[in-house]
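Single-structure report; data block below.
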Amino acid sequence: MHLEIFHIILHVILQGLIYSFVVMGVYLSSRIIRFDDLTTEGSFGFGGAITALLIVSGLSSWLTLPFAMIGGALAGIVTGLLHTKMKMNNLISGLVVTTALFSVCLKLAKSNLPLPDSSSIFVSITSYEIPLLSIAILGTLVGIAYLGLRVLLLSEIGLILKTVGSNPQMAISIGKNVDGYKILGLAIANSLTALAGCLFVQWNGFFSITGNVGTLVIGLAGLILAEMIKPTFGLGLILGAILYQAIFAITIEFELEPMWNNLIKAALIVILIQIKPNKQLLIQR
Amino acid sequence: MLSKPLLILTCLIVILGGLFFYKTSGSDTETAPLTIGIIQTATHPALDQARESFIAEITRLSNQKLSFVIQNAEGSLSQAQSIAESFHAHKKINAIFAIGTPAVQAAARAEKQKPIFIAAVSDPESLGIIYPGTNVCGTTDQVDTDAQADLILKIVPTVQTVVIIYNPGENNSQVMVKKMQHSLQKRGLKNIAFGVHSESEIAQTITTASRKGEVILVPADNLLVGAMPLVSKEALKKGRPLFASDIPSVEKGALIAQGADYSDLGKHTAEMAYQVLLLGNKPQDVGIIHPTNSKILMNKEVMEALQISIPQELLSSITLIERKGANDAP
């Protein structure tokens with residue numbers, strides 16, 4: 001019995017760690033440069049498709065990580081260009097890119113592409129029962145991404161990114177290229193999301209074109225939970241992602257008619273947010 | 001500032017989690033000797049039918065009280081993973097019944113020991129889950145596309161071009177559409193395939209499609225079967241006969257269907273589950289079967305609206321039904 005709980009908690013952490021990249025990406029786009037970015041959904045799938053294609057064609061699984069990130073960054077750059085150069089609304093430009101990426105992913109990896117056995121960075125086929133090694137690998141990756149993002153946000157570039165989001169006029173007046181920084185922010189955000197897609201596919205052992213459904217919701221909900229823990233940048237982002245996965249894991253354990261699952265999930269989120277109503281959060285809504 | 005709310009949250013999650021683990025694993029084990037976890041890809045009439053008939057049939061066959069844990073991923077792969085993971089972790093769950101391709105893949109990924117029964121998958125061999133010593137067995141919903149093409153020629157002899165509408169995002173549909181195109185070409189029929197990605201594109205696509213061909217053909221596609229009332233209404237508006245690949249679609253207004261009957265598939269899978277769980281056969285020996293289905297269902301109301309008549313030779317093999325609800329009024 002205790003092993004059952006242990007196993008489920010480990011899996012919650014594992015899936016939470018994968019989605020924490022998405023939460024960090026969403027944080028960067030929606031909170032730092034204040035750009036509501038719908039590309040998230042597309043770049044998650046795109047990262048996964050690139051990964052599946054490369055692994056099936058024989059590339060080492062570790063090398064797919066940078067390629068997936070480059071793919072995600074490209075998606076973010078296209079969204080940024082559509083928004084800044086072609087003056088398209090931010091929601092529309094993200095939506096357009098996500099829509100286009102669906103076809104690209106279908107072309108790359110078809111609707112469903114299983115990976116050959118033992119070809120993922122998680123050497124977990126044998127140690128699936130207690131995936132401690134996988135969690136360690138993921139934890140390290142998340143840690144690197146977190147520290148990288150932290151250093152970036154504290155640097156001059158980070159300060160300008162924040163200014164571009166909160167006060168674009170000021171950024172212009174100090175002679176900064178607002179468009180360029182927006183695109184940079186989107187590129188980084190989406191490369192993180194695509195990395196999550198890459199890891200998701202490697203962990204699952206297959207790519208599915210519907211695998212990205214709901215990524216944005218998971219990212220946003222994780223972000224809100226994270227802000228409840230701490231309103232500014234911090235490890236809360238990772239915890240938020242894990243919490244959201246825990247909520248669903250608990251929902252399953254209710255074993256009610258599955259039609260009630262989403263209602264329970266919604267109720268749990270409301271309860272959690274009520275524990276500590278964050279002033280900043282309430283004002284923002 | 002960071003640690004207090006964090007602590008509360010972690011406590012909350014652990015307590016809630018622990019409570020339900022305790023509750024669920026404590027009570028059921030004594031009452032039911034066998035528990036089957038059911039994981040379904042999404043809410044969908046055909047998949048629901050497969051589930052219901054599976055439950056009914058396995059309960060009848062085993063002649064004892066079984067307990068079922070039913071979960072639905074509602075289209076989300078990460079939810080499917082979590083569900084499969086939960087089934088895997090719980091010792092009280094003895095076997096898994098997975099319905100639909102993504103659910104089957106998630107279950108096969110998480111569970112390598114307990115038997116997994118599958119249904120509503122078109123091409124399990126291509127998913128890499130069937131190997132020597134596999135714990136997966138069940139039925140596929142492959143449709144006899146040759147018979148389907150013959151049926152189109154018999155019902156609409158003047159047909160030249162068949163339009164196929166499907167969702168390119170579904171592995172099931174892609175496999176089936178390829179076979180359909182092959183069968184149609186063999187009979188000298190032209191075909192055009194249209195892809196739709198969401199329900200909102202259906203009406204538009206059918207308007208275009210009905211200008212390009214005389215007959216509309218739909219595979220057992222999750223998206224299109226889920227939106228069958230809309231698909232059939234639009235097809236009827238344009239005066240085009242709609243051929244479906246699953247039996248329940250006829251009740252929802254398709255003209256005719258020869259194909260997978262998902263309640264039959266659920267039943268077949270239940271028989272296989274019975275062999276494994278109660279007769280002690282190994283899943284790998286039970287294997288994957290492709291049930292052939294000669295059942296043809298035709299919608300009388302739509303048939304009359306399109307002024308189509310049944311050819312003499314088919315009279316005996318076609319079952320006519322009224323549209324659901326038309327004659328049931330008290």
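Labeling convention for the structure tokens: chains A, B, ... as they appear, residues from 1 per chain, ligands from 1 in order of appearance.
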### Task
Report as a ChimeraX atom specification: the residues of segment 102-186 of chain B with a DSSP assignment of helix (DSSP H, G or I), based on the backbone of this structure.
/B:102-110,124-127,145-155,171-186
### Task
Can you pull out every residue within 8 Å of segment 182-184 of chain B, counting only C-alpha atoms, but drop anything in the same chain fewer than 4 positions away, and send it as number ranges by chain?
B: 145-146, 149, 178, 188-191
Just C-alpha atoms for this one: save the residues we selected as a JSON list (two decimals), in the first residue's frame.
[["chain", "number", "residue", "atom", "x", "y", "z"],
["B", 145, "THR", "CA", -12.92, -1.57, -47.00],
["B", 146, "ASP", "CA", -13.39, -3.82, -50.06],
["B", 149, "ALA", "CA", -16.52, -0.05, -51.70],
["B", 178, "LYS", "CA", -5.35, 4.59, -46.99],
["B", 188, "GLY", "CA", -12.12, 2.35, -60.80],
["B", 189, "LEU", "CA", -13.67, 4.94, -58.53],
["B", 190, "LYS", "CA", -12.07, 8.32, -58.14],
["B", 191, "ASN", "CA", -11.63, 9.58, -54.61]]
Contacts of Lys114 of chain B within 9 Å, only C-alpha atoms, excl. fewer than 4 positions in-chain, as a short mmCIF file (atom, residue, chain, number, x, y, z; two decimals) with N, CA and C atoms, in the first residue's frame:
data_model
loop_
_atom_site.label_atom_id
_atom_site.label_comp_id
_atom_site.auth_asym_id
_atom_site.auth_seq_id
_atom_site.Cartn_x
_atom_site.Cartn_y
_atom_site.Cartn_z
N HIS B 88 -1.54 1.16 -12.64
CA HIS B 88 -0.35 0.33 -12.49
C HIS B 88 0.03 0.22 -11.01
N ILE B 93 -6.03 -3.44 -8.54
CA ILE B 93 -6.44 -3.55 -9.94
C ILE B 93 -5.69 -4.70 -10.60
N ASN B 94 -6.45 -5.67 -11.10
CA ASN B 94 -5.84 -6.89 -11.61
C ASN B 94 -5.56 -6.84 -13.10
N ALA B 95 -6.34 -6.02 -13.82
CA ALA B 95 -6.18 -5.97 -15.27
C ALA B 95 -6.68 -4.63 -15.76
N ILE B 96 -6.27 -4.27 -16.99
CA ILE B 96 -6.67 -2.98 -17.55
C ILE B 96 -7.40 -3.21 -18.86
N ASN B 135 1.86 -8.35 -22.80
CA ASN B 135 0.73 -8.48 -21.89
C ASN B 135 -0.53 -7.85 -22.49
N VAL B 136 -0.48 -7.58 -23.82
CA VAL B 136 -1.60 -6.91 -24.48
C VAL B 136 -2.35 -7.88 -25.38
#
### Query
Which polymer residues have any atom within 12 Å of an atom of Thr208 of chain B, counting only C-alpha atoms, with same-chain residues fewer than 3 positions away left out, as a PyMOL selection string?
chain B and resi 163-165+192-195+201-205+211-214+216+234-235+238+240
Write the selection just made, keeping C-alpha atoms, as a short mmCIF file (atom, residue, chain, number, x, y, z; two decimals), in the first residue's frame?
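What landed in out-v7.cif:
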data_model
loop_
_atom_site.label_atom_id
_atom_site.label_comp_id
_atom_site.auth_asym_id
_atom_site.auth_seq_id
_atom_site.Cartn_x
_atom_site.Cartn_y
_atom_site.Cartn_z
CA VAL B 163 -15.25 12.02 -51.11
CA ILE B 164 -13.61 10.82 -47.92
CA ILE B 165 -13.75 13.12 -44.92
CA ILE B 192 -10.76 12.83 -52.91
CA ALA B 193 -9.83 13.01 -49.25
CA PHE B 194 -10.66 16.06 -47.15
CA GLY B 195 -9.13 16.62 -43.73
CA GLU B 201 -14.67 22.96 -39.90
CA ILE B 202 -17.15 20.19 -40.65
CA ALA B 203 -20.05 22.14 -42.18
CA GLN B 204 -17.74 24.08 -44.46
CA THR B 205 -15.88 20.98 -45.59
CA ARG B 211 -19.59 19.67 -55.00
CA LYS B 212 -16.62 17.41 -55.72
CA GLY B 213 -18.22 13.99 -55.43
CA GLU B 214 -21.52 12.10 -55.30
CA ILE B 216 -19.43 10.95 -48.83
CA GLU B 234 -25.05 18.70 -43.61
CA ALA B 235 -24.73 15.74 -45.98
CA LYS B 238 -26.63 18.76 -49.82
CA ARG B 240 -25.36 13.39 -50.66
#
### chain A contacts to chain B at 7 Å (only C-alpha atoms) as JSON, numbers by chain
{"A": [4, 7, 8, 111, 112, 114, 204, 209, 211, 213, 214, 229, 230, 249, 250, 252, 253, 254, 255, 258]}
Emit the selected residues as a compact mmCIF listing (two decimals), in the first residue's frame, including C-alpha atoms.
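Result went into part-v7.txt, see below:
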# COMPACT_ATOMS: atom_id res chain seq x y z
CA GLU A 4 1.50 2.39 -4.21
CA HIS A 7 4.95 5.18 -6.83
CA ILE A 8 2.14 7.61 -7.62
CA SER A 111 -0.27 11.26 -36.22
CA ASN A 112 1.39 8.63 -34.08
CA PRO A 114 6.25 5.00 -31.41
CA ASN A 204 5.95 8.32 -22.95
CA ILE A 209 -0.37 14.52 -32.54
CA GLY A 211 -0.28 14.95 -27.09
CA VAL A 213 -3.85 19.15 -26.09
CA GLY A 214 -4.26 21.18 -22.92
CA ILE A 229 3.19 30.20 -3.39
CA LYS A 230 5.32 33.15 -4.36
CA ALA A 249 -3.70 12.37 -9.40
CA ILE A 250 -5.97 13.02 -6.43
CA ILE A 252 -8.37 9.99 -10.09
CA GLU A 253 -8.24 8.55 -6.61
CA PHE A 254 -11.78 9.74 -5.91
CA GLU A 255 -12.89 7.03 -8.34
CA PRO A 258 -15.17 10.18 -14.65
#### Entry: Ile32 of chain A environment, 12 Å, only C-alpha atoms, sequence neighbours closer than 6 positions dropped, as a VMD selection string
chain A and resid 24 to 26 149 152 to 153 157 to 168 181 to 182 184 to 186 188 to 189 232 to 233
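The spacing separating atom CA of Met176 of chain B from atom CA of Leu54 of chain A amounts to 26.3 Å.
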### Message
Which residue is closest to Tyr146 of chain A? Choose from A:Gly236, A:Gly219, A:Gly71, A:Gly180 and count only C-alpha atoms.
### Response
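The shortest atom-to-atom distance to Tyr146 of chain A comes from A:Gly236.
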### Task
Pick out the closest residue to Ala209 of chain B from this set: B:Ile289, B:Leu315, B:Val231, B:Leu223. Count only C-alpha atoms.
B:Val231
If we count only C-alpha atoms and set the cut-off at 7 Å, which residues sit around segment 301-313 of chain B, ignoring sequence neighbours fewer than 3 positions away in its own chain? Please answer as an mmCIF file with C-alpha atoms, in the first residue's frame.
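Listing of around14.cif after writing:
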data_model
loop_
_atom_site.group_PDB
_atom_site.id
_atom_site.type_symbol
_atom_site.label_atom_id
_atom_site.label_comp_id
_atom_site.auth_asym_id
_atom_site.auth_seq_id
_atom_site.Cartn_x
_atom_site.Cartn_y
_atom_site.Cartn_z
ATOM 1 C CA ILE B 155 -26.373 1.441 -53.502
ATOM 2 C CA GLY B 239 -28.417 15.583 -50.933
ATOM 3 C CA GLY B 253 -28.441 10.046 -39.401
ATOM 4 C CA LEU B 255 -27.454 6.685 -44.630
ATOM 5 C CA GLU B 322 -35.888 4.381 -38.128
ATOM 6 C CA ARG B 323 -34.039 7.412 -36.961
#
### Task
Between atom CA of Gly148 of chain A and atom CA of Leu38 of chain A, measure the distance and give it in Å to one decimal.
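Separating atom CA of Gly148 of chain A from atom CA of Leu38 of chain A is a distance of 23.4 Å.
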### Task
Compile the contact shell of Met298 of chain B as a list in words: residues with an atom at most 9 Å away, counting only C-alpha atoms, same-chain residues fewer than 3 positions apart removed.
Val250, Glu251, Ala254, Leu255, Ile256, Ala257, Gln258, Val302, Met303, Ile318, Thr319, Leu320, Ile321 and Glu322 of chain B
Same residues, C-alpha atoms, saved as a PDB file, in the first residue's frame:
ATOM      1  CA  VAL B 250     -26.674   5.174 -38.703  1.00  0.00           C
ATOM      2  CA  GLU B 251     -28.859   6.015 -35.744  1.00  0.00           C
ATOM      3  CA  ALA B 254     -25.830   8.445 -41.669  1.00  0.00           C
ATOM      4  CA  LEU B 255     -27.454   6.685 -44.630  1.00  0.00           C
ATOM      5  CA  ILE B 256     -25.753   3.359 -44.213  1.00  0.00           C
ATOM      6  CA  ALA B 257     -22.875   1.672 -42.436  1.00  0.00           C
ATOM      7  CA  GLN B 258     -21.094  -1.588 -42.841  1.00  0.00           C
ATOM      8  CA  VAL B 302     -32.560   9.226 -44.806  1.00  0.00           C
ATOM      9  CA  MET B 303     -33.016   6.612 -47.519  1.00  0.00           C
ATOM     10  CA  ILE B 318     -29.604  -4.955 -44.722  1.00  0.00           C
ATOM     11  CA  THR B 319     -31.315  -4.073 -41.483  1.00  0.00           C
ATOM     12  CA  LEU B 320     -33.469  -0.975 -41.772  1.00  0.00           C
ATOM     13  CA  ILE B 321     -33.852   1.282 -38.787  1.00  0.00           C
ATOM     14  CA  GLU B 322     -35.888   4.381 -38.128  1.00  0.00           C
TER      15      GLU B 322
END
#### Entry: Atomic separation - atom CA of Leu106 of chain A relative to atom CA of Ile130 of chain B, Å
24.1 Å
With DSSP run on the backbone, what are the strand (DSSP E or B) residues within segment 28-252 of chain B? I'd like them as an mmCIF file with N, CA and C atoms, in the first residue's frame.
data_model
loop_
_atom_site.group_PDB
_atom_site.id
_atom_site.type_symbol
_atom_site.label_atom_id
_atom_site.label_comp_id
_atom_site.auth_asym_id
_atom_site.auth_seq_id
_atom_site.Cartn_x
_atom_site.Cartn_y
_atom_site.Cartn_z
ATOM 1 N N LEU B 34 -12.006 -9.585 -8.259
ATOM 2 C CA LEU B 34 -11.330 -9.092 -9.464
ATOM 3 C C LEU B 34 -11.713 -7.649 -9.714
ATOM 4 N N THR B 35 -10.712 -6.809 -9.926
ATOM 5 C CA THR B 35 -10.998 -5.416 -10.263
ATOM 6 C C THR B 35 -10.340 -5.099 -11.599
ATOM 7 N N ILE B 36 -11.133 -4.535 -12.498
ATOM 8 C CA ILE B 36 -10.596 -4.159 -13.803
ATOM 9 C C ILE B 36 -10.605 -2.639 -13.909
ATOM 10 N N GLY B 37 -9.456 -2.067 -14.216
ATOM 11 C CA GLY B 37 -9.376 -0.634 -14.443
ATOM 12 C C GLY B 37 -9.664 -0.340 -15.906
ATOM 13 N N ILE B 38 -10.588 0.554 -16.164
ATOM 14 C CA ILE B 38 -10.932 0.872 -17.547
ATOM 15 C C ILE B 38 -10.441 2.281 -17.866
ATOM 16 N N ILE B 39 -9.629 2.398 -18.895
ATOM 17 C CA ILE B 39 -9.151 3.715 -19.313
ATOM 18 C C ILE B 39 -9.615 3.980 -20.730
ATOM 19 N N GLN B 40 -10.310 5.109 -20.883
ATOM 20 C CA GLN B 40 -10.928 5.432 -22.164
ATOM 21 C C GLN B 40 -10.300 6.722 -22.685
ATOM 22 N N LEU B 66 -17.764 -8.492 -10.075
ATOM 23 C CA LEU B 66 -16.504 -7.870 -10.460
ATOM 24 C C LEU B 66 -16.583 -6.410 -10.082
ATOM 25 N N SER B 67 -15.433 -5.790 -9.869
ATOM 26 C CA SER B 67 -15.538 -4.351 -9.664
ATOM 27 C C SER B 67 -14.726 -3.631 -10.732
ATOM 28 N N PHE B 68 -15.206 -2.472 -11.126
ATOM 29 C CA PHE B 68 -14.586 -1.725 -12.203
ATOM 30 C C PHE B 68 -14.216 -0.332 -11.722
ATOM 31 N N VAL B 69 -13.049 0.128 -12.137
ATOM 32 C CA VAL B 69 -12.669 1.517 -11.888
ATOM 33 C C VAL B 69 -12.623 2.176 -13.260
ATOM 34 N N ILE B 70 -13.555 3.068 -13.507
ATOM 35 C CA ILE B 70 -13.662 3.654 -14.842
ATOM 36 C C ILE B 70 -13.047 5.046 -14.843
ATOM 37 N N GLN B 71 -12.128 5.280 -15.776
ATOM 38 C CA GLN B 71 -11.513 6.603 -15.906
ATOM 39 C C GLN B 71 -11.499 7.028 -17.363
ATOM 40 N N ASN B 72 -11.518 8.343 -17.561
ATOM 41 C CA ASN B 72 -11.579 8.877 -18.912
ATOM 42 C C ASN B 72 -10.549 9.990 -19.037
ATOM 43 N N ALA B 95 -6.344 -6.022 -13.816
ATOM 44 C CA ALA B 95 -6.181 -5.969 -15.266
ATOM 45 C C ALA B 95 -6.679 -4.629 -15.758
ATOM 46 N N ILE B 96 -6.275 -4.272 -16.989
ATOM 47 C CA ILE B 96 -6.669 -2.983 -17.547
ATOM 48 C C ILE B 96 -7.403 -3.210 -18.860
ATOM 49 N N PHE B 97 -8.486 -2.486 -19.053
ATOM 50 C CA PHE B 97 -9.178 -2.478 -20.344
ATOM 51 C C PHE B 97 -8.985 -1.080 -20.926
ATOM 52 N N ALA B 98 -8.246 -0.981 -22.042
ATOM 53 C CA ALA B 98 -7.949 0.325 -22.631
ATOM 54 C C ALA B 98 -8.707 0.484 -23.935
ATOM 55 N N ILE B 99 -9.391 1.618 -24.082
ATOM 56 C CA ILE B 99 -10.233 1.852 -25.250
ATOM 57 C C ILE B 99 -9.711 3.053 -26.021
ATOM 58 N N ILE B 116 -3.447 -6.350 -20.323
ATOM 59 C CA ILE B 116 -4.157 -5.192 -20.856
ATOM 60 C C ILE B 116 -5.028 -5.667 -22.013
ATOM 61 N N PHE B 117 -6.311 -5.404 -21.931
ATOM 62 C CA PHE B 117 -7.220 -5.739 -23.028
ATOM 63 C C PHE B 117 -7.503 -4.466 -23.796
ATOM 64 N N ILE B 118 -7.506 -4.566 -25.119
ATOM 65 C CA ILE B 118 -7.674 -3.348 -25.904
ATOM 66 C C ILE B 118 -8.867 -3.458 -26.844
ATOM 67 N N ALA B 119 -9.444 -2.313 -27.186
ATOM 68 C CA ALA B 119 -10.516 -2.249 -28.172
ATOM 69 C C ALA B 119 -10.458 -0.886 -28.846
ATOM 70 N N ALA B 120 -11.089 -0.804 -30.010
ATOM 71 C CA ALA B 120 -11.164 0.453 -30.769
ATOM 72 C C ALA B 120 -9.795 0.966 -31.197
ATOM 73 N N VAL B 121 -8.908 0.055 -31.549
ATOM 74 C CA VAL B 121 -7.615 0.427 -32.124
ATOM 75 C C VAL B 121 -7.569 -0.181 -33.517
ATOM 76 N N VAL B 136 -0.479 -7.580 -23.823
ATOM 77 C CA VAL B 136 -1.602 -6.909 -24.483
ATOM 78 C C VAL B 136 -2.352 -7.881 -25.377
ATOM 79 N N CYS B 137 -3.673 -7.887 -25.286
ATOM 80 C CA CYS B 137 -4.476 -8.639 -26.253
ATOM 81 C C CYS B 137 -5.811 -7.930 -26.421
ATOM 82 N N GLY B 138 -6.519 -8.255 -27.508
ATOM 83 C CA GLY B 138 -7.809 -7.607 -27.710
ATOM 84 C C GLY B 138 -8.243 -7.594 -29.163
ATOM 85 N N THR B 139 -9.113 -6.651 -29.482
ATOM 86 C CA THR B 139 -9.700 -6.602 -30.820
ATOM 87 C C THR B 139 -9.323 -5.297 -31.522
ATOM 88 N N THR B 140 -9.353 -5.329 -32.842
ATOM 89 C CA THR B 140 -9.147 -4.114 -33.619
ATOM 90 C C THR B 140 -10.486 -3.700 -34.239
ATOM 91 N N THR B 161 -17.146 9.709 -58.231
ATOM 92 C CA THR B 161 -16.139 10.184 -57.279
ATOM 93 C C THR B 161 -16.665 10.034 -55.855
ATOM 94 N N VAL B 162 -15.850 9.469 -55.004
ATOM 95 C CA VAL B 162 -16.198 9.331 -53.594
ATOM 96 C C VAL B 162 -15.345 10.318 -52.792
ATOM 97 N N VAL B 163 -16.007 11.086 -51.956
ATOM 98 C CA VAL B 163 -15.253 12.018 -51.112
ATOM 99 C C VAL B 163 -15.094 11.403 -49.733
ATOM 100 N N ILE B 164 -13.872 11.351 -49.259
ATOM 101 C CA ILE B 164 -13.613 10.822 -47.918
ATOM 102 C C ILE B 164 -13.324 11.996 -46.993
ATOM 103 N N ILE B 165 -14.016 12.059 -45.885
ATOM 104 C CA ILE B 165 -13.749 13.121 -44.915
ATOM 105 C C ILE B 165 -13.215 12.478 -43.637
ATOM 106 N N TYR B 166 -12.088 12.960 -43.145
ATOM 107 C CA TYR B 166 -11.470 12.347 -41.965
ATOM 108 C C TYR B 166 -10.606 13.351 -41.237
ATOM 109 N N LYS B 190 -12.956 7.229 -58.553
ATOM 110 C CA LYS B 190 -12.071 8.319 -58.142
ATOM 111 C C LYS B 190 -12.344 8.653 -56.678
ATOM 112 N N ASN B 191 -11.341 9.154 -55.981
ATOM 113 C CA ASN B 191 -11.627 9.578 -54.612
ATOM 114 C C ASN B 191 -10.838 10.831 -54.269
ATOM 115 N N ILE B 192 -11.438 11.633 -53.424
ATOM 116 C CA ILE B 192 -10.760 12.829 -52.907
ATOM 117 C C ILE B 192 -10.875 12.773 -51.393
ATOM 118 N N ALA B 193 -9.774 13.027 -50.710
ATOM 119 C CA ALA B 193 -9.828 13.013 -49.247
ATOM 120 C C ALA B 193 -9.751 14.441 -48.719
ATOM 121 N N PHE B 194 -10.658 14.750 -47.813
ATOM 122 C CA PHE B 194 -10.655 16.063 -47.154
ATOM 123 C C PHE B 194 -10.324 15.882 -45.681
ATOM 124 N N GLY B 195 -9.444 16.710 -45.150
ATOM 125 C CA GLY B 195 -9.125 16.624 -43.728
ATOM 126 C C GLY B 195 -9.867 17.689 -42.943
ATOM 127 N N VAL B 215 -20.737 10.795 -53.416
ATOM 128 C CA VAL B 215 -20.936 10.014 -52.202
ATOM 129 C C VAL B 215 -19.916 10.478 -51.158
ATOM 130 N N ILE B 216 -20.364 10.590 -49.906
ATOM 131 C CA ILE B 216 -19.434 10.954 -48.832
ATOM 132 C C ILE B 216 -19.171 9.718 -47.979
ATOM 133 N N LEU B 217 -17.898 9.458 -47.733
ATOM 134 C CA LEU B 217 -17.500 8.290 -46.954
ATOM 135 C C LEU B 217 -16.706 8.760 -45.735
ATOM 136 N N LEU B 242 -24.447 9.453 -47.228
ATOM 137 C CA LEU B 242 -23.307 9.396 -46.311
ATOM 138 C C LEU B 242 -23.081 7.948 -45.875
ATOM 139 N N PHE B 243 -21.910 7.424 -46.214
ATOM 140 C CA PHE B 243 -21.529 6.065 -45.812
ATOM 141 C C PHE B 243 -20.615 6.146 -44.600
ATOM 142 N N ALA B 244 -21.005 5.464 -43.542
ATOM 143 C CA ALA B 244 -20.186 5.501 -42.338
ATOM 144 C C ALA B 244 -19.508 4.148 -42.130
ATOM 145 N N SER B 245 -18.565 4.104 -41.208
ATOM 146 C CA SER B 245 -17.821 2.866 -40.962
ATOM 147 C C SER B 245 -18.117 2.262 -39.612
ATOM 148 N N ASP B 246 -19.065 2.831 -38.897
ATOM 149 C CA ASP B 246 -19.441 2.222 -37.627
ATOM 150 C C ASP B 246 -20.952 2.234 -37.510
#
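The shortest atom-to-atom distance to Asn222 of chain B, with only C-alpha atoms taken into account, belongs to B:Glu199 out of B:Asp144, B:Glu199, B:Glu57, B:Asp150.
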### Message
Taking only C-alpha atoms into account, name the residue in B:Tyr131, B:Ala273, B:Ser53, B:Gly100 that is nearest to Asp117 of chain A.
### Response
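With only C-alpha atoms as the atom set, the closest residue is B:Tyr131.
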